[in-house]
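> You'll find protein.cif just under this line, and it carries mmCIF, C-alpha atoms and all ligand atoms.
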```cif
data_coords
#
loop_
_atom_site.group_PDB
_atom_site.id
_atom_site.type_symbol
_atom_site.label_atom_id
_atom_site.label_comp_id
_atom_site.auth_asym_id
_atom_site.auth_seq_id
_atom_site.Cartn_x
_atom_site.Cartn_y
_atom_site.Cartn_z
ATOM 1 C CA MET A 4 48.113 117.881 20.271
ATOM 2 C CA ASP A 5 44.944 119.987 20.345
ATOM 3 C CA ALA A 6 43.554 121.459 23.528
ATOM 4 C CA GLU A 7 40.602 119.106 23.691
ATOM 5 C CA ARG A 8 42.756 115.977 23.395
ATOM 6 C CA ARG A 9 45.077 117.365 26.090
ATOM 7 C CA ALA A 10 42.083 117.957 28.342
ATOM 8 C CA VAL A 11 40.832 114.388 27.808
ATOM 9 C CA LEU A 12 44.262 112.943 28.565
ATOM 10 C CA ALA A 13 44.559 115.080 31.672
ATOM 11 C CA TYR A 14 41.138 113.825 32.734
ATOM 12 C CA LEU A 15 42.141 110.207 32.134
ATOM 13 C CA GLY A 16 45.426 110.790 33.950
ATOM 14 C CA ALA A 17 43.564 112.158 36.950
ATOM 15 C CA GLY A 18 41.223 109.155 36.770
ATOM 16 C CA ILE A 19 44.100 106.684 36.891
ATOM 17 C CA VAL A 20 45.538 108.363 39.954
ATOM 18 C CA THR A 21 42.214 108.125 41.774
ATOM 19 C CA LEU A 22 41.559 104.565 40.588
ATOM 20 C CA ILE A 23 44.787 103.231 42.111
ATOM 21 C CA PRO A 24 44.585 104.283 45.742
ATOM 22 C CA GLY A 25 47.710 105.901 47.073
ATOM 23 C CA SER A 26 49.607 105.922 43.791
ATOM 24 C CA GLY A 27 49.727 109.750 43.780
ATOM 25 C CA ALA A 28 51.371 109.763 47.178
ATOM 26 C CA MET A 29 53.716 106.990 46.072
ATOM 27 C CA ALA A 30 54.739 108.930 43.002
ATOM 28 C CA ALA A 31 55.519 111.931 45.212
ATOM 29 C CA GLU A 32 57.576 109.720 47.542
ATOM 30 C CA ASP A 33 59.523 108.310 44.600
ATOM 31 C CA ARG A 34 60.184 111.828 43.388
ATOM 32 C CA HIS A 35 61.409 112.903 46.816
ATOM 33 C CA LEU A 36 63.672 109.864 47.050
ATOM 34 C CA GLN A 37 65.076 110.710 43.638
ATOM 35 C CA LEU A 38 65.663 114.322 44.746
ATOM 36 C CA ARG A 39 67.414 113.042 47.890
ATOM 37 C CA MET A 40 69.726 110.843 45.788
ATOM 38 C CA GLN A 41 70.536 113.904 43.680
ATOM 39 C CA MET A 42 71.119 115.972 46.842
ATOM 40 C CA VAL A 43 73.521 113.333 48.194
ATOM 41 C CA ALA A 44 75.420 113.353 44.879
ATOM 42 C CA GLU A 45 75.777 117.144 45.168
ATOM 43 C CA ILE A 46 76.976 116.822 48.767
ATOM 44 C CA ALA A 47 79.590 114.266 47.670
ATOM 45 C CA GLU A 48 80.772 116.612 44.923
ATOM 46 C CA MET A 49 81.002 119.567 47.307
ATOM 47 C CA ALA A 50 82.844 117.427 49.872
ATOM 48 C CA ARG A 51 85.391 116.567 47.167
ATOM 49 C CA ARG A 52 85.849 120.219 46.227
ATOM 50 C CA THR A 53 86.265 121.404 49.835
ATOM 51 C CA GLY A 54 88.303 118.376 50.935
ATOM 52 C CA THR A 55 91.673 120.105 51.171
ATOM 53 C CA GLN A 56 90.162 122.764 53.431
ATOM 54 C CA THR A 57 87.990 120.523 55.625
ATOM 55 C CA GLY A 58 90.319 117.531 55.729
ATOM 56 C CA ARG A 59 87.348 115.392 54.583
ATOM 57 C CA ALA A 60 87.109 114.874 50.849
ATOM 58 C CA ALA A 61 84.426 112.221 51.415
ATOM 59 C CA PHE A 62 81.928 111.674 54.200
ATOM 60 C CA SER A 63 81.300 108.270 55.749
ATOM 61 C CA ASP A 64 78.839 105.888 54.104
ATOM 62 C CA ALA A 65 76.715 105.938 57.259
ATOM 63 C CA VAL A 66 76.404 109.745 57.142
ATOM 64 C CA MET A 67 75.502 109.682 53.443
ATOM 65 C CA GLU A 68 72.931 106.952 54.121
ATOM 66 C CA ALA A 69 71.332 109.094 56.849
ATOM 67 C CA MET A 70 71.180 112.060 54.429
ATOM 68 C CA ARG A 71 69.515 109.759 51.888
ATOM 69 C CA LYS A 72 66.977 108.601 54.449
ATOM 70 C CA VAL A 73 65.670 111.674 56.302
ATOM 71 C CA PRO A 74 62.717 113.293 54.456
ATOM 72 C CA ARG A 75 64.023 116.876 54.406
ATOM 73 C CA HIS A 76 60.889 118.095 52.566
ATOM 74 C CA LEU A 77 58.892 117.452 55.750
ATOM 75 C CA PHE A 78 61.136 119.836 57.739
ATOM 76 C CA VAL A 79 60.577 122.929 55.572
ATOM 77 C CA PRO A 80 57.484 125.137 55.256
ATOM 78 C CA ALA A 81 54.917 123.730 52.786
ATOM 79 C CA SER A 82 55.539 126.701 50.474
ATOM 80 C CA ASP A 83 59.213 125.672 50.104
ATOM 81 C CA ILE A 84 58.685 121.950 49.638
ATOM 82 C CA ASP A 85 59.943 122.058 46.030
ATOM 83 C CA SER A 86 63.238 123.642 47.126
ATOM 84 C CA ALA A 87 63.775 121.276 50.057
ATOM 85 C CA TYR A 88 66.450 119.177 48.330
ATOM 86 C CA ARG A 89 68.444 122.008 46.804
ATOM 87 C CA ASN A 90 71.842 122.510 48.365
ATOM 88 C CA HIS A 91 70.700 125.721 50.078
ATOM 89 C CA PRO A 92 69.612 126.912 53.503
ATOM 90 C CA LEU A 93 65.877 127.751 53.739
ATOM 91 C CA PRO A 94 63.781 129.927 56.057
ATOM 92 C CA ILE A 95 61.827 128.011 58.722
ATOM 93 C CA GLY A 96 60.032 130.928 60.436
ATOM 94 C CA SER A 97 60.935 133.107 63.450
ATOM 95 C CA GLY A 98 63.809 134.524 61.362
ATOM 96 C CA GLN A 99 65.648 131.181 61.498
ATOM 97 C CA THR A 100 66.930 128.837 58.799
ATOM 98 C CA ILE A 101 67.431 125.136 58.180
ATOM 99 C CA SER A 102 71.089 124.729 57.176
ATOM 100 C CA GLN A 103 72.296 123.792 53.724
ATOM 101 C CA PRO A 104 72.363 119.972 53.264
ATOM 102 C CA TYR A 105 76.152 119.947 52.685
ATOM 103 C CA ILE A 106 76.712 121.749 56.007
ATOM 104 C CA VAL A 107 74.445 119.272 57.829
ATOM 105 C CA ALA A 108 76.408 116.361 56.327
ATOM 106 C CA LEU A 109 79.766 117.998 57.125
ATOM 107 C CA THR A 110 78.700 118.741 60.713
ATOM 108 C CA THR A 111 77.538 115.161 61.176
ATOM 109 C CA ASP A 112 80.678 113.669 59.646
ATOM 110 C CA LEU A 113 83.017 115.877 61.707
ATOM 111 C CA VAL A 114 81.677 114.593 65.039
ATOM 112 C CA GLU A 115 82.203 110.961 63.893
ATOM 113 C CA PRO A 116 78.893 109.602 65.214
ATOM 114 C CA ARG A 117 78.782 106.010 66.530
ATOM 115 C CA LYS A 118 75.766 103.845 67.380
ATOM 116 C CA HIS A 119 76.318 104.046 71.147
ATOM 117 C CA HIS A 120 76.806 107.846 71.196
ATOM 118 C CA ARG A 121 74.776 110.407 73.107
ATOM 119 C CA VAL A 122 74.853 113.722 71.276
ATOM 120 C CA LEU A 123 73.855 117.265 72.242
ATOM 121 C CA GLU A 124 72.631 119.725 69.618
ATOM 122 C CA ILE A 125 72.272 123.451 70.290
ATOM 123 C CA GLY A 126 69.689 125.051 67.955
ATOM 124 C CA THR A 127 66.939 122.514 67.142
ATOM 125 C CA GLY A 128 65.342 124.786 64.509
ATOM 126 C CA SER A 129 63.302 122.498 62.246
ATOM 127 C CA GLY A 130 64.676 119.337 63.852
ATOM 128 C CA TYR A 131 66.368 118.200 60.610
ATOM 129 C CA GLN A 132 69.944 118.041 61.917
ATOM 130 C CA ALA A 133 68.658 116.234 65.017
ATOM 131 C CA ALA A 134 66.898 113.665 62.805
ATOM 132 C CA VAL A 135 70.050 113.041 60.755
ATOM 133 C CA LEU A 136 72.012 112.491 63.973
ATOM 134 C CA ALA A 137 69.260 110.273 65.401
ATOM 135 C CA GLU A 138 69.676 107.896 62.444
ATOM 136 C CA LEU A 139 73.266 107.327 63.543
ATOM 137 C CA VAL A 140 73.476 107.475 67.342
ATOM 138 C CA GLU A 141 71.686 106.157 70.395
ATOM 139 C CA GLN A 142 70.255 109.395 71.765
ATOM 140 C CA VAL A 143 70.052 113.023 70.686
ATOM 141 C CA TYR A 144 69.393 115.883 73.101
ATOM 142 C CA SER A 145 68.494 119.120 71.335
ATOM 143 C CA VAL A 146 68.097 122.571 72.848
ATOM 144 C CA GLU A 147 66.115 125.399 71.212
ATOM 145 C CA ILE A 148 65.625 128.934 72.555
ATOM 146 C CA VAL A 149 62.521 129.876 70.471
ATOM 147 C CA ALA A 150 59.415 128.296 72.025
ATOM 148 C CA SER A 151 57.370 127.903 68.817
ATOM 149 C CA LEU A 152 60.289 126.210 67.008
ATOM 150 C CA ALA A 153 60.956 123.851 69.930
ATOM 151 C CA ARG A 154 57.299 122.842 70.040
ATOM 152 C CA GLU A 155 56.919 122.386 66.279
ATOM 153 C CA ALA A 156 60.169 120.432 65.912
ATOM 154 C CA SER A 157 59.270 118.216 68.818
ATOM 155 C CA GLU A 158 55.832 117.443 67.310
ATOM 156 C CA ARG A 159 57.305 116.897 63.859
ATOM 157 C CA LEU A 160 59.954 114.470 65.130
ATOM 158 C CA ARG A 161 57.374 112.516 67.101
ATOM 159 C CA ARG A 162 55.060 112.334 64.078
ATOM 160 C CA LEU A 163 57.945 111.015 61.964
ATOM 161 C CA GLY A 164 58.602 108.282 64.508
ATOM 162 C CA TYR A 165 61.864 109.508 66.075
ATOM 163 C CA ARG A 166 61.898 108.157 69.612
ATOM 164 C CA ASN A 167 65.540 108.913 70.431
ATOM 165 C CA ILE A 168 65.418 112.714 70.309
ATOM 166 C CA GLU A 169 64.576 114.881 73.282
ATOM 167 C CA VAL A 170 63.929 118.588 72.638
ATOM 168 C CA ARG A 171 64.171 121.145 75.410
ATOM 169 C CA LEU A 172 63.311 124.859 75.454
ATOM 170 C CA SER A 173 66.347 126.548 76.956
ATOM 171 C CA ASP A 174 69.435 128.658 76.286
ATOM 172 C CA GLY A 175 72.100 126.423 74.775
ATOM 173 C CA HIS A 176 74.910 128.420 76.376
ATOM 174 C CA VAL A 177 74.428 126.331 79.516
ATOM 175 C CA GLY A 178 74.163 123.024 77.645
ATOM 176 C CA TRP A 179 72.152 120.230 79.266
ATOM 177 C CA ALA A 180 73.881 119.349 82.520
ATOM 178 C CA GLN A 181 71.448 116.570 83.563
ATOM 179 C CA ALA A 182 72.138 114.570 80.387
ATOM 180 C CA ALA A 183 75.910 115.249 80.254
ATOM 181 C CA PRO A 184 78.547 114.137 79.451
ATOM 182 C CA PHE A 185 78.161 113.863 75.666
ATOM 183 C CA ASP A 186 80.212 111.979 73.095
ATOM 184 C CA ALA A 187 79.603 114.841 70.682
ATOM 185 C CA ILE A 188 78.109 118.334 70.598
ATOM 186 C CA VAL A 189 76.924 120.202 67.506
ATOM 187 C CA VAL A 190 76.130 123.892 67.690
ATOM 188 C CA THR A 191 74.042 125.117 64.765
ATOM 189 C CA ALA A 192 73.938 128.841 65.615
ATOM 190 C CA ALA A 193 76.889 131.256 65.497
ATOM 191 C CA ALA A 194 78.502 131.852 68.884
ATOM 192 C CA THR A 195 80.847 134.702 69.747
ATOM 193 C CA HIS A 196 82.935 132.242 71.800
ATOM 194 C CA VAL A 197 82.897 128.563 72.711
ATOM 195 C CA PRO A 198 80.589 128.387 75.764
ATOM 196 C CA PRO A 199 82.615 126.917 78.673
ATOM 197 C CA ALA A 200 79.642 124.791 79.833
ATOM 198 C CA LEU A 201 79.682 122.952 76.509
ATOM 199 C CA VAL A 202 83.399 122.166 76.820
ATOM 200 C CA GLU A 203 82.745 120.884 80.333
ATOM 201 C CA GLN A 204 79.879 118.667 79.156
ATOM 202 C CA LEU A 205 81.959 117.041 76.421
ATOM 203 C CA LYS A 206 83.444 113.606 77.250
ATOM 204 C CA PRO A 207 87.206 113.164 77.069
ATOM 205 C CA GLY A 208 87.774 111.957 73.502
ATOM 206 C CA GLY A 209 84.596 113.810 72.462
ATOM 207 C CA ARG A 210 84.184 116.173 69.512
ATOM 208 C CA MET A 211 82.242 119.419 69.150
ATOM 209 C CA VAL A 212 81.580 121.518 66.034
ATOM 210 C CA ILE A 213 80.616 125.146 66.464
ATOM 211 C CA PRO A 214 80.565 128.248 64.256
ATOM 212 C CA VAL A 215 82.539 130.911 66.132
ATOM 213 C CA GLY A 216 82.726 134.566 65.184
ATOM 214 C CA PRO A 217 80.862 137.820 64.707
ATOM 215 C CA GLN A 218 77.105 137.674 64.203
ATOM 216 C CA HIS A 219 75.659 138.368 60.746
ATOM 217 C CA ARG A 220 79.136 138.010 59.222
ATOM 218 C CA THR A 221 81.353 135.090 58.281
ATOM 219 C CA GLN A 222 82.276 132.791 61.149
ATOM 220 C CA GLU A 223 84.858 130.047 61.546
ATOM 221 C CA PHE A 224 83.376 126.587 61.618
ATOM 222 C CA THR A 225 85.484 125.132 64.408
ATOM 223 C CA LEU A 226 86.157 121.538 65.454
ATOM 224 C CA VAL A 227 86.891 121.299 69.180
ATOM 225 C CA GLU A 228 88.361 118.016 70.405
ATOM 226 C CA LYS A 229 88.706 117.131 74.049
ATOM 227 C CA ARG A 230 91.717 114.859 74.436
ATOM 228 C CA ALA A 231 91.719 111.912 76.857
ATOM 229 C CA ASP A 232 93.653 114.045 79.374
ATOM 230 C CA GLY A 233 90.981 116.770 79.183
ATOM 231 C CA THR A 234 93.050 119.302 77.219
ATOM 232 C CA ILE A 235 91.457 121.004 74.216
ATOM 233 C CA ASP A 236 92.464 121.034 70.575
ATOM 234 C CA LYS A 237 90.798 123.459 68.135
ATOM 235 C CA ARG A 238 90.893 123.483 64.354
ATOM 236 C CA VAL A 239 89.119 125.844 61.956
ATOM 237 C CA VAL A 240 87.405 123.802 59.259
ATOM 238 C CA LEU A 241 85.691 126.281 56.949
ATOM 239 C CA PRO A 242 84.306 129.819 56.767
ATOM 240 C CA VAL A 243 80.533 129.627 57.306
ATOM 241 C CA ARG A 244 77.497 131.823 57.941
ATOM 242 C CA PHE A 245 75.036 130.725 60.596
ATOM 243 C CA VAL A 246 72.189 132.634 62.248
ATOM 244 C CA PRO A 247 73.261 134.138 65.577
ATOM 245 C CA MET A 248 73.239 132.240 68.842
ATOM 246 C CA THR A 249 71.062 134.457 71.037
ATOM 247 C CA GLY A 250 70.616 134.488 74.798
ATOM 248 C CA GLY A 251 73.997 134.108 76.254
ATOM 249 C CA ALA A 252 76.520 134.141 78.944
HETATM 250 N N1 LIG B 1 69.730 122.772 63.341
HETATM 251 C C1 LIG B 1 68.586 123.438 62.759
HETATM 252 C C2 LIG B 1 68.901 124.806 62.173
HETATM 253 C C3 LIG B 1 69.406 125.735 63.168
HETATM 254 S S1 LIG B 1 69.112 127.441 62.904
HETATM 255 C C4 LIG B 1 67.901 122.593 61.721
HETATM 256 O O1 LIG B 1 68.392 121.496 61.400
HETATM 257 O O2 LIG B 1 66.848 123.006 61.243
HETATM 258 C C5 LIG B 1 69.694 127.940 64.485
HETATM 259 C C6 LIG B 1 68.730 127.679 65.585
HETATM 260 O O3 LIG B 1 69.383 128.003 66.816
HETATM 261 C C7 LIG B 1 67.495 128.565 65.531
HETATM 262 O O4 LIG B 1 66.343 127.782 65.589
HETATM 263 C C8 LIG B 1 67.629 129.459 66.760
HETATM 264 O O5 LIG B 1 66.401 129.825 67.331
HETATM 265 C C9 LIG B 1 68.450 128.583 67.685
HETATM 266 N N2 LIG B 1 69.181 129.292 68.752
HETATM 267 C C10 LIG B 1 69.767 130.504 68.686
HETATM 268 N N3 LIG B 1 70.365 130.799 69.861
HETATM 269 C C11 LIG B 1 70.145 129.732 70.676
HETATM 270 C C12 LIG B 1 70.509 129.444 72.037
HETATM 271 N N4 LIG B 1 71.203 130.300 72.768
HETATM 272 N N5 LIG B 1 70.127 128.260 72.555
HETATM 273 C C13 LIG B 1 69.404 127.367 71.806
HETATM 274 N N6 LIG B 1 69.035 127.595 70.533
HETATM 275 C C14 LIG B 1 69.404 128.760 69.979
#
```
Is it possible to give me this structure as C-alpha cells?
Ligand code: SAH

Amino acid sequence: MDAERRAVLAYLGAGIVTLIPGSGAMAAEDRHLQLRMQMVAEIAEMARRTGTQTGRAAFSDAVMEAMRKVPRHLFVPASDIDSAYRNHPLPIGSGQTISQPYIVALTTDLVEPRKHHRVLEIGTGSGYQAAVLAELVEQVYSVEIVASLAREASERLRRLGYRNIEVRLSDGHVGWAQAAPFDAIVVTAAATHVPPALVEQLKPGGRMVIPVGPQHRTQEFTLVEKRADGTIDKRVVLPVRFVPMTGGA
C-alpha cells in the first residue's frame, strides 16, 4: 500500500472514531478487558506452577473474578498504562510499587475472603489490593504511611465508586484499633517481625498474610492463623520481595 493510500485510510479511520461517539473509549475498554483476561490466565498458570509450595494450585473463582473486574490500568501512572496487565510489579511514585498481579491474587486467596468480612490492609499504595479485596468483602480498612499516596489512593477509589474502603494516614505497626477486630489482615510491605498489635487485632479464626524478613532482600511470605483458642499458627508460603515497612515499633 502506498503512503498516500495509507494516509487516506488513517484519515477515514480517525473519522469513523469521531463519528461514533465514545467508540474509541469503548475499544480501549475492550482491549483492557482482554488484557485482564490474559492476566488472569497467567495468574492461573503461575498458581499451578507454585501450587506445591503455596498449598494453593488454584485460586477461588471469586478471587479470579475480582482480578478480572478491577481496572488495574487506572491504578498505575499514565506512563505505565500499557504495562499495567503484565505480571510484574510497577512503580507508583514515592519509591513504592504496586505488587505483581499474581501476588495480589495469592494474598487475597490466602486470607479466604467472605462477603461479611472486615479486612485490614497495611500499605495502601495505589489502592489496587484494597479494591480487589473490596470486591469480595463487606469493608476494607487500609493504612498508608506516605501522605501523598494515601490521598491519591483515597481519591482514586472514590472516583471508581468504591464505597466500602476507608483509607487512613498512619503507621501500620499499630493497626487500626478503633475498627478492630478483623476477619483478615494483609500486610503489603516487608516487616522485620509480625507487629504484635496486628496479631491482637485479628479475630480468633482470622488469617493474616505478611512478608517477614530483612529489608531490600528476600522475605518469607507468611500466613499467620489465629486459632479459635487464640493461639497462633505460622506457615511460610513463598519467598517474596516487598518494599520495606517503614515507621515502626
Ligand atoms: N498494596 C499496594 C502496594 C503496596 S507497596 C497496592 O496495591 O498498590 C507498600 C506500601 O506500604 C507503600 O505504599 C508504603 O508507603 C506503605 N508502607 C510502608 N510502611 C508502612 C507502614 N508502616 N504503615 C503503613 N504503610 C506503610
> I'd like to see the residues matched by the PyMOL selection byres (((chain A and resi 37-53) around 7) and not hetatm) on this file, and ideally I'd get them as a PyMOL selection string.
chain A and resi 33-36+54-57+59-61+67+70-71+88-90+105
> With C-alpha atoms retained, write the just-selected residues as a PDB file, in the coordinates of the input.

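So selection.pdb came out as:
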```pdb
ATOM      1  CA  ASP A  33      59.523 108.310  44.600  1.00  0.00           C
ATOM      2  CA  ARG A  34      60.184 111.828  43.388  1.00  0.00           C
ATOM      3  CA  HIS A  35      61.409 112.903  46.816  1.00  0.00           C
ATOM      4  CA  LEU A  36      63.672 109.864  47.050  1.00  0.00           C
ATOM      5  CA  GLY A  54      88.303 118.376  50.935  1.00  0.00           C
ATOM      6  CA  THR A  55      91.673 120.105  51.171  1.00  0.00           C
ATOM      7  CA  GLN A  56      90.162 122.764  53.431  1.00  0.00           C
ATOM      8  CA  THR A  57      87.990 120.523  55.625  1.00  0.00           C
ATOM      9  CA  ARG A  59      87.348 115.392  54.583  1.00  0.00           C
ATOM     10  CA  ALA A  60      87.109 114.874  50.849  1.00  0.00           C
ATOM     11  CA  ALA A  61      84.426 112.221  51.415  1.00  0.00           C
ATOM     12  CA  MET A  67      75.502 109.682  53.443  1.00  0.00           C
ATOM     13  CA  MET A  70      71.180 112.060  54.429  1.00  0.00           C
ATOM     14  CA  ARG A  71      69.515 109.759  51.888  1.00  0.00           C
ATOM     15  CA  TYR A  88      66.450 119.177  48.330  1.00  0.00           C
ATOM     16  CA  ARG A  89      68.444 122.008  46.804  1.00  0.00           C
ATOM     17  CA  ASN A  90      71.842 122.510  48.365  1.00  0.00           C
ATOM     18  CA  TYR A 105      76.152 119.947  52.685  1.00  0.00           C
TER      19      TYR A 105
END
```
> Evaluate the PyMOL selection byres (((chain A and resi 126-131) around 8) and not hetatm) and record the selected residues as a PyMOL selection string, following the chain and residue labels used in the document.
chain A and resi 73+75+78-79+95+99-101+124-125+132-135+145-148+152-153+155-157+159-160+170+175+190-192
> Mind checking which residues fall within 9 Å of A:Pro80, counting all atoms listed in the file, ignoring those fewer than 5 positions away in the same chain, and posting them as number ranges by chain?
A: 93-96
> Skip stretch 193-206 of chain A itself and residues of its chain fewer than 3 positions away, then list as a PyMOL selection string all residues within 9 Å of it, counting all atoms listed in the file.
chain A and resi 175-180+182-188+190+209-211+213-219+222-224+227-231+233+235+244-249+251-252
> Write out, as a compact mmCIF listing (two decimals), in the coordinates of the input, the residues just selected, with C-alpha atoms.

```
# COMPACT_ATOMS: atom_id res chain seq x y z
CA GLY A 175 72.10 126.42 74.78
CA HIS A 176 74.91 128.42 76.38
CA VAL A 177 74.43 126.33 79.52
CA GLY A 178 74.16 123.02 77.64
CA TRP A 179 72.15 120.23 79.27
CA ALA A 180 73.88 119.35 82.52
CA ALA A 182 72.14 114.57 80.39
CA ALA A 183 75.91 115.25 80.25
CA PRO A 184 78.55 114.14 79.45
CA PHE A 185 78.16 113.86 75.67
CA ASP A 186 80.21 111.98 73.10
CA ALA A 187 79.60 114.84 70.68
CA ILE A 188 78.11 118.33 70.60
CA VAL A 190 76.13 123.89 67.69
CA GLY A 209 84.60 113.81 72.46
CA ARG A 210 84.18 116.17 69.51
CA MET A 211 82.24 119.42 69.15
CA ILE A 213 80.62 125.15 66.46
CA PRO A 214 80.56 128.25 64.26
CA VAL A 215 82.54 130.91 66.13
CA GLY A 216 82.73 134.57 65.18
CA PRO A 217 80.86 137.82 64.71
CA GLN A 218 77.10 137.67 64.20
CA HIS A 219 75.66 138.37 60.75
CA GLN A 222 82.28 132.79 61.15
CA GLU A 223 84.86 130.05 61.55
CA PHE A 224 83.38 126.59 61.62
CA VAL A 227 86.89 121.30 69.18
CA GLU A 228 88.36 118.02 70.40
CA LYS A 229 88.71 117.13 74.05
CA ARG A 230 91.72 114.86 74.44
CA ALA A 231 91.72 111.91 76.86
CA GLY A 233 90.98 116.77 79.18
CA ILE A 235 91.46 121.00 74.22
CA ARG A 244 77.50 131.82 57.94
CA PHE A 245 75.04 130.72 60.60
CA VAL A 246 72.19 132.63 62.25
CA PRO A 247 73.26 134.14 65.58
CA MET A 248 73.24 132.24 68.84
CA THR A 249 71.06 134.46 71.04
CA GLY A 251 74.00 134.11 76.25
CA ALA A 252 76.52 134.14 78.94
```
> List the residues selected by the PyMOL selection byres (((chain A and resi 238) around 7) and not hetatm) in the file shown, writing them as a list in words.
Thr225, Leu226, Val227, Asp236, Lys237, Val239 and Val240 of chain A
> Between A:Gln142, A:Thr110, A:Thr234, A:Asn167, which residue has the minimum interatomic distance to ligand LIG 1 (chain B), considering only C-alpha atoms and all ligand atoms?
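Ranking A:Gln142, A:Thr110, A:Thr234, A:Asn167 by distance to ligand LIG 1 (chain B), first place goes to A:Thr110.
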> Pick the closest to A:Gly208 from A:Ala150, A:Lys72, A:Tyr144, A:Asp232: which is it, counting only C-alpha atoms?
A:Asp232
